[in-house]
Amino acid sequence: MAVEITQLHHVNIHTTNVERLVDWYTRVLGMPAGPRPAFPFPGAWLYMGEQAVIHLVGVDVLPKYKGTLQLEHFAFNAAGLKDFLARLEREGVSYDARKVQGVEGVQINVYDPDGNHIHVDFYGEETRGVTFREVDPSAMNRR
């Protein structure tokens with residue numbers, strides 16, 4: 001049987017302030033903390049529905065990685081664009097909203113308190129008629 005990767009299961013994030021990130025992801029992205037195994041280190045699992053999609057690992061000092069970590073962002077699909085933009089405004093979260101040429105939809109780019117880049121993507125009827133700057137994919141930021 002051929003191997004087939006079927007789904008991204010979760011993102012694991014090291015942080016020196018678990019509580020601050022739990023608060024932010026809950027308030028801003030609507031991802032509450034939920035059940036987590038009794039690991040021998042601090043942390044939290046943040047849920048999208050029934051799935052723990054972000055695993056936070058509490059550390060005293062952020063680890064030094066060999067080489068350069070190449071993860072630039074992670075992304076979620078969502079619905080409720082107007083409500084999400086209102087939430088970001090209410091919470092005072094800076095964001096960059098854009099349409100990408102050749103892609104039907106809108107990207108809302110945010111950074112969590114530790115500086116992790118997340119974009120939340122919206123598609124369908126709710127994005128029609130919404131005016132954000134349009135970005136040529138070939139000109140998008142690359143490290």
# chains A, B, ... in the order shown; residues from 1 in each chain; ligands from 1

$ select_by_dssp --residues "chain A" --states "helix (DSSP H, G or I)" --output "PyMOL selection string"
chain A and resi 18-29+81-91+125-127+137-139

$ select_by_dssp --residues "region 57-98 of chain A" --states "strand (DSSP E)" --output "compact mmCIF listing (two decimals) with C-alpha atoms, in the first residue's frame"
# COMPACT_ATOMS: atom_id res chain seq x y z
CA VAL A 57 5.15 23.35 25.27
CA GLY A 58 6.29 25.50 28.17
CA PHE A 74 0.83 28.14 9.52
CA ALA A 75 -2.71 28.71 8.27
CA PHE A 76 -6.32 27.88 9.00
CA ASN A 77 -9.45 27.98 6.84
CA ALA A 78 -12.33 29.79 8.48
CA ASP A 96 -2.66 42.44 7.25
CA ALA A 97 -5.56 41.55 4.96
CA ARG A 98 -4.96 40.63 1.34

$ closest_residue --among "A:Leu81, A:Val59, A:Val22, A:Val3" --to "Glu125 (chain A)" --atoms "only C-alpha atoms"
A:Leu81

$ residues_around --residues "Asp114 (chain A)" --least-positions-apart "2" --cutoff "9 Å" --atoms "only C-alpha atoms" --output "list of chain:residue names"
A:Thr15, A:Thr16, A:Asn17, A:Leu21, A:Tyr111, A:Asp112, A:Asn116

$ residues_around --residues "Trp45 (chain A)" --least-positions-apart "3" --cutoff "9 Å" --atoms "only C-alpha atoms" --output "compact mmCIF listing (two decimals) with N, CA and C atoms, in the first residue's frame"
# COMPACT_ATOMS: atom_id res chain seq x y z
N VAL A 22 -2.19 30.78 25.52
CA VAL A 22 -3.53 30.19 25.67
C VAL A 22 -4.57 31.31 25.62
N PRO A 32 -10.02 27.18 22.27
CA PRO A 32 -9.87 26.99 23.72
C PRO A 32 -8.91 25.86 24.06
N ALA A 33 -8.34 25.94 25.26
CA ALA A 33 -7.52 24.85 25.79
C ALA A 33 -8.45 23.70 26.14
N GLY A 34 -7.94 22.48 25.95
CA GLY A 34 -8.74 21.30 26.25
C GLY A 34 -7.87 20.19 26.79
N PRO A 35 -8.40 18.97 26.80
CA PRO A 35 -7.68 17.84 27.38
C PRO A 35 -6.28 17.67 26.79
N ARG A 36 -5.36 17.30 27.69
CA ARG A 36 -3.95 17.08 27.31
C ARG A 36 -3.41 15.99 28.21
N ALA A 52 -7.15 18.79 18.71
CA ALA A 52 -6.10 19.63 19.31
C ALA A 52 -5.11 19.99 18.21
N VAL A 53 -5.19 21.20 17.68
CA VAL A 53 -4.39 21.57 16.52
C VAL A 53 -3.12 22.32 16.88
N ILE A 54 -3.06 22.89 18.07
CA ILE A 54 -1.84 23.56 18.52
C ILE A 54 -1.45 22.97 19.85
N HIS A 55 -0.23 22.46 19.92
CA HIS A 55 0.32 21.93 21.16
C HIS A 55 1.36 22.92 21.66
N LEU A 56 1.09 23.55 22.78
CA LEU A 56 2.05 24.47 23.38
C LEU A 56 2.92 23.71 24.37
N VAL A 57 4.21 23.97 24.34
CA VAL A 57 5.15 23.35 25.27
C VAL A 57 5.85 24.47 26.02

$ residues_around --residues "Ile108 (chain A)" --least-positions-apart "4" --cutoff "12 Å" --atoms "only C-alpha atoms" --output "PyMOL selection string"
chain A and resi 29+74-82+84-85+88+93-100+117-123+127+132-133

$ closest_residue --among "A:Pro42, A:Gly124, A:Pro37, A:Pro113" --to "Tyr25 (chain A)" --atoms "only C-alpha atoms"
A:Pro113

$ closest_residue --among "A:Met48, A:Val18, A:Val130, A:Ile5" --to "Met31 (chain A)" --atoms "only C-alpha atoms"
A:Met48

$ atom_distance --atom1 "CA of Phe39 (chain A)" --atom2 "CA of His14 (chain A)"
14.3 Å

$ closest_residue --among "A:His73, A:Arg27, A:Arg20, A:His9" --to "Gly92 (chain A)" --atoms "only C-alpha atoms"
A:Arg27

$ closest_residue --among "A:Glu50, A:Val110, A:Ala38, A:Val11" --to "Glu89 (chain A)" --atoms "only C-alpha atoms"
A:Val110

$ atom_distance --atom1 "CA of Gly30 (chain A)" --atom2 "CA of Asp60 (chain A)"
26.4 Å

$ atom_distance --atom1 "CA of Gly102 (chain A)" --atom2 "CA of Thr131 (chain A)"
15.3 Å

$ closest_residue --among "A:Glu19, A:Glu104, A:Ala2, A:Ile13" --to "Leu71 (chain A)" --atoms "only C-alpha atoms"
A:Ile13
